[in-house]
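As provided, query32.txt (compact mmCIF, C-alpha atoms and all ligand atoms) reads as follows.
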```txt
# COMPACT_ATOMS: atom_id res chain seq x y z
CA MET A 1 -101.55 139.51 -102.27
CA ASN A 2 -102.47 135.84 -101.98
CA PHE A 3 -100.86 134.35 -105.07
CA ASP A 4 -102.02 130.85 -104.17
CA ARG A 5 -105.50 132.01 -105.17
CA ILE A 6 -104.20 133.48 -108.44
CA PHE A 7 -102.19 130.62 -109.94
CA SER A 8 -103.86 128.30 -112.47
CA GLU A 9 -103.99 124.55 -111.95
CA ASN A 10 -101.39 124.17 -114.70
CA SER A 11 -98.98 126.70 -113.24
CA ARG A 12 -99.28 125.01 -109.81
CA ASN A 13 -97.83 122.00 -111.53
CA LEU A 14 -94.69 123.78 -112.74
CA GLN A 15 -91.48 122.53 -111.18
CA ALA A 16 -88.18 124.38 -111.38
CA SER A 17 -85.58 122.50 -113.38
CA GLU A 18 -83.04 121.10 -110.94
CA ILE A 19 -80.36 121.73 -113.54
CA ARG A 20 -81.13 125.43 -113.88
CA GLU A 21 -81.37 125.79 -110.10
CA LEU A 22 -78.04 124.04 -109.76
CA LEU A 23 -76.32 126.11 -112.45
CA LYS A 24 -77.00 129.19 -110.32
CA LEU A 25 -74.84 127.69 -107.56
CA LEU A 26 -71.90 127.07 -109.81
CA ASP A 27 -70.68 130.63 -110.25
CA ARG A 28 -67.63 129.96 -108.06
CA PRO A 29 -64.70 130.26 -110.49
CA SER A 30 -62.87 127.36 -108.85
CA ILE A 31 -65.65 124.90 -109.75
CA ILE A 32 -65.27 122.70 -112.80
CA SER A 33 -68.78 122.06 -113.97
CA PHE A 34 -69.85 119.06 -116.02
CA ALA A 35 -73.43 119.88 -115.04
CA GLY A 36 -74.88 122.07 -117.79
CA GLY A 37 -75.61 120.93 -121.31
CA LEU A 38 -74.03 123.92 -122.98
CA PRO A 39 -72.13 124.02 -126.26
CA ASN A 40 -68.57 125.24 -125.93
CA PRO A 41 -68.36 128.99 -126.69
CA ASP A 42 -65.21 128.23 -128.72
CA ALA A 43 -67.48 126.18 -130.98
CA PHE A 44 -69.45 129.28 -131.91
CA PRO A 45 -68.52 130.34 -135.46
CA ILE A 46 -68.02 133.97 -134.53
CA GLU A 47 -65.83 135.00 -137.48
CA GLU A 48 -67.77 132.86 -139.98
CA LEU A 49 -71.05 134.40 -138.87
CA LYS A 50 -69.91 137.97 -139.49
CA PRO A 51 -70.26 137.80 -143.31
CA VAL A 52 -73.48 135.82 -142.89
CA ILE A 53 -75.05 138.52 -140.75
CA GLU A 54 -73.63 141.25 -142.97
CA HIS A 55 -75.25 139.62 -146.01
CA VAL A 56 -78.61 139.40 -144.19
CA MET A 57 -78.41 143.08 -143.27
CA LYS A 58 -77.31 144.14 -146.74
CA GLU A 59 -79.72 142.07 -148.82
CA HIS A 60 -82.68 141.24 -146.58
CA ALA A 61 -82.76 143.79 -143.75
CA TYR A 62 -86.39 144.87 -144.32
CA ASP A 63 -87.71 141.31 -144.22
CA ALA A 64 -85.31 140.00 -141.60
CA LEU A 65 -86.22 142.76 -139.15
CA GLN A 66 -89.97 142.40 -139.75
CA TYR A 67 -92.47 139.89 -138.30
CA GLY A 68 -92.64 136.78 -140.43
CA PRO A 69 -95.09 133.97 -141.21
CA THR A 70 -95.91 131.81 -138.17
CA GLU A 71 -94.85 128.59 -139.90
CA GLY A 72 -91.46 130.16 -140.64
CA HIS A 73 -89.35 131.61 -143.43
CA ASN A 74 -90.17 129.53 -146.51
CA LYS A 75 -86.61 129.40 -147.82
CA LEU A 76 -85.42 128.01 -144.50
CA ARG A 77 -88.28 125.46 -144.36
CA ASP A 78 -87.44 124.38 -147.90
CA ALA A 79 -83.71 124.08 -147.11
CA ILE A 80 -84.53 121.97 -144.03
CA ALA A 81 -86.86 119.72 -146.05
CA LYS A 82 -84.10 119.17 -148.64
CA GLY A 83 -81.52 118.59 -145.88
CA MET A 84 -83.76 115.99 -144.23
CA LYS A 85 -83.98 114.18 -147.55
CA SER A 86 -80.28 114.27 -148.41
CA LEU A 87 -78.90 113.66 -144.90
CA PHE A 88 -81.53 111.42 -143.30
CA ASN A 89 -83.43 109.95 -146.23
CA CYS A 90 -86.66 111.49 -144.87
CA ASP A 91 -89.21 112.44 -147.51
CA GLN A 92 -90.34 115.73 -146.17
CA GLU A 93 -92.42 118.49 -147.73
CA MET A 94 -91.70 122.05 -146.66
CA ASP A 95 -95.42 122.31 -145.76
CA ASN A 96 -94.89 119.70 -143.06
CA ILE A 97 -92.31 121.82 -141.28
CA ILE A 98 -92.81 124.61 -138.79
CA ILE A 99 -89.91 126.67 -137.47
CA THR A 100 -89.93 126.93 -133.67
CA GLY A 101 -88.10 128.96 -131.02
CA GLY A 102 -85.87 126.02 -130.08
CA SER A 103 -86.96 122.40 -129.87
CA GLN A 104 -88.10 123.17 -126.38
CA GLN A 105 -90.90 125.23 -127.88
CA GLY A 106 -91.65 122.36 -130.28
CA LEU A 107 -92.13 120.09 -127.26
CA THR A 108 -94.41 122.58 -125.54
CA LEU A 109 -96.49 123.08 -128.69
CA LEU A 110 -96.91 119.30 -129.01
CA ALA A 111 -97.86 118.84 -125.38
CA HIS A 112 -100.43 121.63 -125.70
CA ILE A 113 -101.93 120.09 -128.82
CA ILE A 114 -101.92 116.46 -127.74
CA ILE A 115 -102.05 116.09 -123.96
CA ASP A 116 -105.11 116.40 -121.78
CA PRO A 117 -104.59 116.13 -118.01
CA GLY A 118 -104.22 112.46 -117.09
CA ASP A 119 -103.23 111.33 -120.61
CA THR A 120 -100.47 108.76 -120.68
CA VAL A 121 -97.15 109.60 -122.32
CA ILE A 122 -94.38 107.04 -122.70
CA THR A 123 -90.73 107.99 -122.24
CA GLY A 124 -87.49 106.19 -121.57
CA ASN A 125 -86.38 105.87 -117.97
CA PRO A 126 -84.21 108.04 -117.92
CA THR A 127 -85.10 110.77 -120.41
CA TYR A 128 -84.53 114.48 -121.15
CA LEU A 129 -85.40 116.65 -118.16
CA GLY A 130 -86.88 119.43 -120.32
CA ALA A 131 -89.41 116.95 -121.73
CA ILE A 132 -90.33 115.69 -118.25
CA GLN A 133 -90.96 119.30 -117.24
CA VAL A 134 -93.24 119.93 -120.22
CA PHE A 135 -95.21 116.70 -119.75
CA ASN A 136 -95.62 117.45 -116.04
CA ALA A 137 -96.75 120.99 -116.78
CA PHE A 138 -99.54 119.57 -118.94
CA ARG A 139 -100.37 117.05 -116.19
CA ALA A 140 -99.57 113.98 -118.26
CA ASN A 141 -99.19 110.62 -116.64
CA ILE A 142 -95.62 109.67 -117.58
CA GLU A 143 -94.99 105.95 -118.03
CA ALA A 144 -91.23 105.54 -118.19
CA VAL A 145 -89.95 102.34 -119.78
CA ALA A 146 -86.71 100.72 -118.61
CA GLN A 147 -83.56 101.29 -120.66
CA ASP A 148 -80.44 99.17 -120.94
CA GLU A 149 -77.03 99.68 -122.62
CA GLY A 150 -78.86 99.85 -125.95
CA GLY A 151 -81.40 102.48 -124.88
CA ILE A 152 -85.12 101.88 -124.57
CA ASN A 153 -85.82 98.17 -124.71
CA HIS A 154 -88.53 97.31 -127.24
CA HIS A 155 -89.58 94.16 -125.35
CA SER A 156 -90.13 96.22 -122.20
CA LEU A 157 -91.98 98.80 -124.31
CA ARG A 158 -94.35 96.20 -125.71
CA GLU A 159 -94.95 94.67 -122.27
CA ARG A 160 -95.73 98.09 -120.82
CA LEU A 161 -98.17 98.87 -123.63
CA GLN A 162 -99.89 95.50 -123.20
CA ASP A 163 -100.15 96.14 -119.48
CA LEU A 164 -101.51 99.67 -119.98
CA ASN A 165 -104.08 98.43 -122.52
CA ARG A 166 -105.18 95.71 -120.08
CA ARG A 167 -105.83 98.47 -117.56
CA GLY A 168 -107.83 100.44 -120.14
CA LYS A 169 -105.08 103.00 -120.75
CA TYR A 170 -104.23 103.92 -124.32
CA PRO A 171 -101.21 106.25 -124.54
CA LYS A 172 -101.17 108.83 -127.32
CA LEU A 173 -97.47 109.30 -127.74
CA ILE A 174 -93.97 108.10 -127.08
CA TYR A 175 -91.14 110.56 -126.62
CA LEU A 176 -87.62 109.37 -127.48
CA ILE A 177 -84.14 110.73 -128.20
CA PRO A 178 -82.87 107.81 -130.32
CA THR A 179 -79.45 109.28 -131.14
CA PHE A 180 -76.84 110.29 -128.52
CA GLU A 181 -79.53 110.60 -125.93
CA ASN A 182 -79.55 113.30 -123.31
CA PRO A 183 -78.76 112.18 -120.59
CA THR A 184 -77.15 108.79 -121.34
CA GLY A 185 -75.34 109.39 -124.66
CA ILE A 186 -76.83 106.07 -125.89
CA THR A 187 -77.94 105.50 -129.51
CA LEU A 188 -80.70 103.07 -130.51
CA SER A 189 -79.55 100.44 -132.99
CA GLU A 190 -81.14 100.06 -136.43
CA GLU A 191 -82.92 96.89 -135.19
CA ARG A 192 -84.40 98.66 -132.18
CA ARG A 193 -85.48 101.61 -134.34
CA LYS A 194 -87.37 99.22 -136.62
CA ALA A 195 -88.86 97.28 -133.71
CA ILE A 196 -90.02 100.50 -132.04
CA TYR A 197 -91.53 101.81 -135.27
CA ASP A 198 -93.45 98.55 -135.70
CA ILE A 199 -94.73 98.83 -132.13
CA ILE A 200 -95.93 102.42 -132.54
CA CYS A 201 -97.81 101.37 -135.70
CA GLU A 202 -99.31 98.34 -133.99
CA TYR A 203 -100.44 100.35 -130.97
CA ASP A 204 -101.55 103.38 -133.02
CA LEU A 205 -99.18 105.81 -131.30
CA LEU A 206 -97.41 109.00 -132.28
CA LEU A 207 -93.66 109.09 -131.83
CA VAL A 208 -91.92 112.34 -130.94
CA GLU A 209 -88.34 111.85 -132.12
CA ASP A 210 -86.16 114.53 -130.52
CA ASP A 211 -82.86 114.77 -132.36
CA PRO A 212 -80.73 117.79 -131.41
CA TYR A 213 -77.48 115.77 -131.38
CA GLY A 214 -77.84 113.47 -134.41
CA LEU A 215 -75.35 115.40 -136.58
CA LEU A 216 -72.70 115.40 -133.84
CA ARG A 217 -71.39 111.90 -134.55
CA TYR A 218 -67.71 111.27 -133.76
CA ASP A 219 -67.41 107.57 -134.63
CA GLY A 220 -69.18 104.91 -136.61
CA GLU A 221 -71.77 104.93 -139.36
CA ALA A 222 -74.65 107.42 -139.29
CA LEU A 223 -78.08 105.91 -138.61
CA ASN A 224 -81.15 107.43 -140.17
CA PRO A 225 -83.77 108.76 -137.79
CA ILE A 226 -86.91 106.68 -137.16
CA LYS A 227 -88.69 109.42 -139.14
CA SER A 228 -87.10 107.92 -142.30
CA MET A 229 -89.19 104.74 -141.81
CA ASP A 230 -92.38 106.68 -141.31
CA ASN A 231 -94.65 105.48 -144.11
CA GLU A 232 -97.69 105.85 -141.81
CA ASP A 233 -97.03 109.52 -141.00
CA ARG A 234 -96.93 109.06 -137.25
CA VAL A 235 -93.47 110.37 -136.36
CA ILE A 236 -92.95 113.99 -135.33
CA TYR A 237 -89.29 114.91 -135.76
CA LEU A 238 -87.70 117.72 -133.73
CA GLY A 239 -84.47 119.14 -135.16
CA SER A 240 -82.49 122.08 -133.79
CA PHE A 241 -79.71 124.47 -134.78
CA SER A 242 -78.76 124.99 -131.12
CA LYS A 243 -75.98 122.41 -130.98
CA ILE A 244 -74.73 122.67 -134.57
CA LEU A 245 -74.70 126.47 -134.91
CA ALA A 246 -75.60 128.43 -131.77
CA PRO A 247 -78.47 128.19 -129.28
CA GLY A 248 -78.66 131.99 -129.13
CA PHE A 249 -80.53 132.08 -132.43
CA ARG A 250 -83.28 129.94 -130.83
CA ILE A 251 -84.09 128.33 -134.17
CA ALA A 252 -85.32 124.76 -134.47
CA TRP A 253 -87.96 122.89 -136.43
CA LEU A 254 -90.76 120.43 -136.05
CA ALA A 255 -91.50 118.12 -139.00
CA GLY A 256 -94.65 116.06 -138.81
CA PRO A 257 -98.10 115.12 -140.05
CA ALA A 258 -100.10 117.97 -141.65
CA PRO A 259 -102.86 118.06 -138.96
CA ILE A 260 -100.20 118.48 -136.24
CA ILE A 261 -98.44 121.25 -138.18
CA ARG A 262 -101.76 123.09 -138.72
CA LYS A 263 -102.61 122.99 -135.01
CA ALA A 264 -99.04 123.92 -134.01
CA CYS A 265 -99.20 126.91 -136.30
CA ILE A 266 -102.48 128.23 -134.85
CA LEU A 267 -101.19 127.69 -131.33
CA LYS A 268 -97.86 129.35 -132.09
CA GLN A 269 -99.72 132.46 -133.25
CA SER A 270 -101.00 132.87 -129.70
CA GLN A 271 -97.59 132.14 -128.17
CA ASP A 272 -95.07 134.26 -130.05
CA LEU A 273 -96.48 135.03 -133.53
CA CYS A 274 -93.33 133.66 -135.16
CA ALA A 275 -89.82 132.45 -134.34
CA SER A 276 -87.12 135.15 -134.55
CA THR A 277 -87.20 136.34 -138.17
CA PHE A 278 -83.66 137.64 -137.95
CA GLY A 279 -82.48 134.31 -136.54
CA GLN A 280 -84.20 132.44 -139.36
CA TYR A 281 -82.59 134.61 -142.04
CA CYS A 282 -79.17 134.13 -140.47
CA VAL A 283 -79.60 130.35 -140.21
CA PHE A 284 -80.81 130.16 -143.80
CA GLU A 285 -77.86 132.24 -145.00
CA ALA A 286 -75.49 129.99 -143.00
CA MET A 287 -76.92 127.04 -144.94
CA ARG A 288 -77.08 128.78 -148.33
CA SER A 289 -73.52 130.08 -148.18
CA ASP A 290 -72.16 126.65 -147.21
CA MET A 291 -70.92 127.93 -143.89
CA LEU A 292 -72.90 125.52 -141.72
CA PHE A 293 -71.66 122.06 -142.69
CA PRO A 294 -67.92 122.77 -142.65
CA HIS A 295 -68.52 124.33 -139.26
CA ILE A 296 -70.26 121.20 -137.97
CA GLU A 297 -67.04 119.32 -138.86
CA ILE A 298 -65.07 121.76 -136.68
CA ILE A 299 -67.47 121.24 -133.76
CA LYS A 300 -67.22 117.47 -134.20
CA GLN A 301 -63.42 117.58 -134.06
CA MET A 302 -63.51 119.65 -130.89
CA TYR A 303 -66.10 117.52 -129.10
CA ARG A 304 -64.60 114.21 -130.24
CA SER A 305 -61.34 115.22 -128.63
CA LYS A 306 -63.11 116.39 -125.43
CA ARG A 307 -65.05 113.14 -125.24
CA ASP A 308 -61.82 111.18 -125.59
CA ILE A 309 -60.09 113.25 -122.90
CA MET A 310 -63.00 112.59 -120.54
CA LEU A 311 -63.10 108.87 -121.32
CA LYS A 312 -59.36 108.59 -120.80
CA ALA A 313 -59.58 110.48 -117.50
CA LEU A 314 -62.41 108.19 -116.36
CA ASP A 315 -60.27 105.18 -117.30
CA ASN A 316 -57.30 106.64 -115.45
CA TYR A 317 -58.91 107.87 -112.25
CA MET A 318 -62.21 106.16 -111.50
CA PRO A 319 -62.11 103.36 -108.94
CA ASP A 320 -63.33 99.84 -109.74
CA GLY A 321 -67.07 99.41 -109.56
CA VAL A 322 -67.87 102.59 -111.50
CA LYS A 323 -69.17 102.23 -115.07
CA TRP A 324 -69.78 104.77 -117.80
CA SER A 325 -71.18 104.96 -121.33
CA ARG A 326 -68.89 105.39 -124.35
CA PRO A 327 -71.04 107.63 -126.55
CA LEU A 328 -70.36 107.77 -130.27
CA GLY A 329 -71.53 111.38 -130.40
CA GLY A 330 -73.47 114.12 -128.64
CA MET A 331 -72.40 115.87 -125.46
CA PHE A 332 -72.90 113.51 -122.51
CA ILE A 333 -71.35 110.58 -120.69
CA TRP A 334 -73.52 108.61 -118.28
CA VAL A 335 -71.89 107.31 -115.14
CA THR A 336 -73.23 104.46 -113.02
CA LEU A 337 -71.84 104.32 -109.49
CA PRO A 338 -72.01 101.26 -107.28
CA LEU A 339 -75.63 100.61 -106.32
CA PHE A 340 -75.25 101.66 -102.68
CA MET A 341 -74.14 105.18 -103.64
CA ASP A 342 -76.49 108.10 -104.04
CA SER A 343 -75.34 110.79 -106.48
CA VAL A 344 -77.66 113.40 -104.89
CA GLU A 345 -75.96 112.87 -101.53
CA LEU A 346 -72.58 112.88 -103.21
CA LEU A 347 -73.11 116.19 -105.04
CA PRO A 348 -72.41 118.60 -102.12
CA LYS A 349 -69.19 116.67 -101.48
CA ALA A 350 -68.26 116.96 -105.16
CA ILE A 351 -69.01 120.69 -105.18
CA GLU A 352 -66.93 121.00 -102.02
CA ASN A 353 -64.13 119.33 -104.02
CA ASN A 354 -64.73 121.85 -106.85
CA VAL A 355 -66.44 119.63 -109.39
CA ALA A 356 -70.12 119.42 -110.37
CA TYR A 357 -72.40 117.08 -112.32
CA VAL A 358 -76.12 116.46 -112.59
CA ALA A 359 -77.45 113.72 -110.35
CA GLY A 360 -79.13 111.09 -112.52
CA LYS A 361 -82.27 110.74 -110.40
CA SER A 362 -83.94 113.82 -111.88
CA PHE A 363 -83.93 112.18 -115.35
CA PHE A 364 -85.95 109.17 -114.14
CA PRO A 365 -89.67 109.96 -114.24
CA GLY A 366 -90.33 106.33 -113.31
CA GLY A 367 -88.04 106.46 -110.26
CA GLY A 368 -84.65 104.86 -109.75
CA GLY A 369 -81.25 105.98 -110.97
CA ALA A 370 -80.06 107.18 -107.53
CA ASN A 371 -76.60 105.78 -108.30
CA THR A 372 -76.25 107.49 -111.70
CA LEU A 373 -74.99 110.87 -112.86
CA ARG A 374 -74.60 112.83 -116.09
CA LEU A 375 -71.35 114.41 -117.23
CA ASN A 376 -71.25 116.99 -120.00
CA PHE A 377 -68.00 116.96 -121.96
CA SER A 378 -68.59 119.79 -124.46
CA TYR A 379 -68.28 122.84 -122.21
CA ALA A 380 -65.18 122.50 -120.03
CA THR A 381 -61.67 123.16 -121.33
CA ASP A 382 -59.47 120.11 -122.04
CA GLY A 383 -57.40 120.75 -118.90
CA GLN A 384 -60.51 121.18 -116.77
CA ILE A 385 -61.92 117.88 -118.04
CA ASP A 386 -58.89 115.91 -116.87
CA ARG A 387 -58.65 117.75 -113.55
CA GLY A 388 -62.41 117.67 -112.94
CA ILE A 389 -62.65 113.91 -113.46
CA ARG A 390 -59.72 113.43 -111.11
CA LEU A 391 -61.51 115.53 -108.46
CA LEU A 392 -64.71 113.56 -109.00
CA ALA A 393 -62.88 110.25 -108.76
CA GLU A 394 -61.39 111.37 -105.42
CA VAL A 395 -64.90 112.01 -104.08
CA VAL A 396 -66.16 108.65 -105.35
CA GLN A 397 -63.15 106.83 -103.88
CA LYS A 398 -63.73 108.49 -100.49
CA GLU A 399 -67.37 107.41 -100.57
CA LEU A 400 -66.32 103.88 -101.46
CA ASP A 401 -63.85 103.85 -98.55
CA LEU A 402 -66.55 105.15 -96.24
CA LYS A 403 -69.52 103.05 -97.25
CA GLY A 404 -68.29 100.27 -99.45
CA LYS A 405 -66.14 98.34 -96.98
CA GLY A 406 -66.93 94.67 -96.92
CA LEU A 407 -69.68 94.94 -99.52
CA LYS A 408 -69.74 92.38 -102.29
CA GLY A 409 -71.90 92.26 -105.38
CA GLU A 410 -73.29 95.78 -104.84
CA TYR A 411 -71.39 96.96 -107.85
CA ILE A 412 -73.90 95.45 -110.22
CA SER A 413 -75.52 98.44 -111.87
CA ALA A 414 -78.76 99.12 -113.71
CA PHE A 415 -76.87 99.52 -116.98
C1 LIG B 501 -82.96 116.21 -125.93
C2 LIG B 501 -83.13 117.69 -126.02
N1 LIG B 501 -84.23 118.19 -126.58
C3 LIG B 501 -84.42 119.51 -126.71
C4 LIG B 501 -83.50 120.41 -126.24
C5 LIG B 501 -83.77 121.88 -126.39
O1 LIG B 501 -83.00 122.41 -127.39
P1 LIG B 501 -83.30 123.81 -128.08
O2 LIG B 501 -82.14 124.68 -127.78
O3 LIG B 501 -83.48 123.52 -129.53
O4 LIG B 501 -84.58 124.35 -127.47
C6 LIG B 501 -82.33 119.94 -125.63
C7 LIG B 501 -81.34 120.89 -125.09
O5 LIG B 501 -80.40 120.59 -124.47
C8 LIG B 501 -82.14 118.55 -125.52
O6 LIG B 501 -81.05 118.02 -124.95
```

Could you render the structure from this file as structure tokens?
Amino acid sequence: MNFDRIFSENSRNLQASEIRELLKLLDRPSIISFAGGLPNPDAFPIEELKPVIEHVMKEHAYDALQYGPTEGHNKLRDAIAKGMKSLFNCDQEMDNIIITGGSQQGLTLLAHIIIDPGDTVITGNPTYLGAIQVFNAFRANIEAVAQDEGGINHHSLRERLQDLNRRGKYPKLIYLIPTFENPTGITLSEERRKAIYDIICEYDLLLVEDDPYGLLRYDGEALNPIKSMDNEDRVIYLGSFSKILAPGFRIAWLAGPAPIIRKACILKQSQDLCASTFGQYCVFEAMRSDMLFPHIEIIKQMYRSKRDIMLKALDNYMPDGVKWSRPLGGMFIWVTLPLFMDSVELLPKAIENNVAYVAGKSFFPGGGGANTLRLNFSYATDGQIDRGIRLLAEVVQKELDLKGKGLKGEYISAF
């Protein structure tokens, strides 16, 4: 059969995620992988979940095993609304929340509702690969705005918007991960959050604030999401239980303006009818029984220590000329190699030396980033982190010896 004739325009646009493709290659047991973005299985609350699941089966089995309302289990929506108020100072009605099958589904629902082919979407350069995939699938024109050590730069954002407007282009939305960004680990300061919110109001834009890592803070004072400033109802907040409980439940939420929630709900009916009812009951019970928040503290302890082991190993082993972010939370460290190095070219050599990462280039919809790479610190064991960074540093040192001789000034990096 000629499948080229069969595929829709949209499906022709689908691109395999480089990360998923890469993960398939990393089955070799000798490889230490910093490539995936997976939670550590030891951070799954296996024992703590047993009574939670038992309670669901004992008290709510008929409802939990049945289809549920498309917008989600009301008790869970209500608990999330209250949590957003108490933790993030976001005034949120339960009616403005829809439960989704992961934030990834939230992103797809939003793209479906908002983006027509050719519409302009603004992101950071770099940004989350899963969002790039969704925006590409809906044939958006991605305008990626430069980032620096502080994340997306609001001056660059304003300049880009002015330039787009001059060319008759009026973007509909900006997509950002303001806290412990995937891939860089960077967090936007309070000042930048305010400046960005002012800009989105001035330019009549929606902001999609993707926040799966916000509760995984290891140092410093918590910052409220941009959603907490949203007195014009133009921020759509994506929260997820994947990184604070377990991604296997596939339970997340989208909190936003009523017209968006209404459309998302109708669309979701045609996609999956409802998010896993059983998953929603379990997540609600984890919240109700006070299992969830003490568990988040356990995850934070584990990941804080892993981050510190990775930072120390980078300090110990990486040659001069290599820079990296020092994230205050989340799951990723962003490495910037000397400008003349290409992390895509380096990857086979790293894999040969039994260590893997994700080359930064794939996170840059606006191009660039060839000398960057992302390291995940949540998944590997403590011993693997130290050894893996040593193996990576060996590969980088060899590349420096090979290509860096006599070069001066090439170590200046993007950020
Ligand atoms: C920034 C970001 N958004 C969304 C997701 C998807 O998460 P979920 O498991 O809730 O679909 C991820 C997963 O890694 C992510 O890093």

Between chain A and ligand LIG 501 (chain B), at 7 Å or less, what are the per-residue closest atom pairs and their distances in Å? Count only C-alpha atoms and all ligand atoms, order by chain and rising residue number, and return it as CSV.
```
residue,atom,partner,partner_atom,distance
A:Gly37,CA,B:LIG501,O5,5.7
A:Gly101,CA,B:LIG501,O4,6.8
A:Gly102,CA,B:LIG501,O4,3.4
A:Ser103,CA,B:LIG501,O3,3.7
A:Gln104,CA,B:LIG501,O4,3.9
A:Gln105,CA,B:LIG501,O4,6.4
A:Tyr128,CA,B:LIG501,C1,5.3
A:Gly130,CA,B:LIG501,C3,6.8
A:Ile177,CA,B:LIG501,C1,6.0
A:Glu181,CA,B:LIG501,C1,6.6
A:Asn182,CA,B:LIG501,C1,5.2
A:Asp210,CA,B:LIG501,N1,5.7
A:Asp211,CA,B:LIG501,C1,6.6
A:Pro212,CA,B:LIG501,C2,5.9
A:Ser240,CA,B:LIG501,O3,4.6
A:Phe241,CA,B:LIG501,O3,6.5
A:Ser242,CA,B:LIG501,O2,4.8
A:Pro247,CA,B:LIG501,O2,5.3
A:Arg250,CA,B:LIG501,O2,6.2
A:Ile251,CA,B:LIG501,O3,6.7
A:Ala252,CA,B:LIG501,O3,5.4
```

TODO: Compile the contact shell of region 363-375 of chain A as a PyMOL selection string: residues with an atom at most 8 Å away, counting all atoms listed in the file, same-chain residues fewer than 3 positions apart removed.
DONE: chain A and resi 34-35+125-129+132+142-145+183-184+332-344+357-360+414

TODO: Using all atoms listed in the file, pick whichever of A:Gly168, A:Gly72, A:Pro29, A:Gly150 has the shortest atom-to-atom distance to Glu191 (chain A).
DONE: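 Smallest distance to Glu191 (chain A) is found for A:Gly150.
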
- [ ] Figure out the distance between CA of Ile98 (chain A) and CA of Leu215 (chain A), please, to one decimal in Å.
- [x]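 Interatomic distance here is 19.9 Å.
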
Task: Between CA of Thr179 (chain A) and CA of Gln384 (chain A) - distance in Å to one decimal - done: 26.6 Å

Open item on the list: Would you pick out the contacts of Asn74 (chain A) at 12 Å or less, using all atoms listed in the file, so that residues sharing its chain but fewer than 3 positions from it are not included, and give the list as a PyMOL selection string?
Closed with: chain A and resi 68-71+77-81+93-99+277+280-281+284

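With distances taken over all atoms listed in the file, A:Thr120 is the one residue among A:Ser86, A:Ser189, A:Gln269, A:Thr120 lying closest to Arg139 (chain A).
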
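Each of A:Trp324, A:Tyr303, A:Tyr317, A:Phe377 was compared to Ile389 (chain A) using only C-alpha atoms, and A:Tyr317 turns out to be the nearest.
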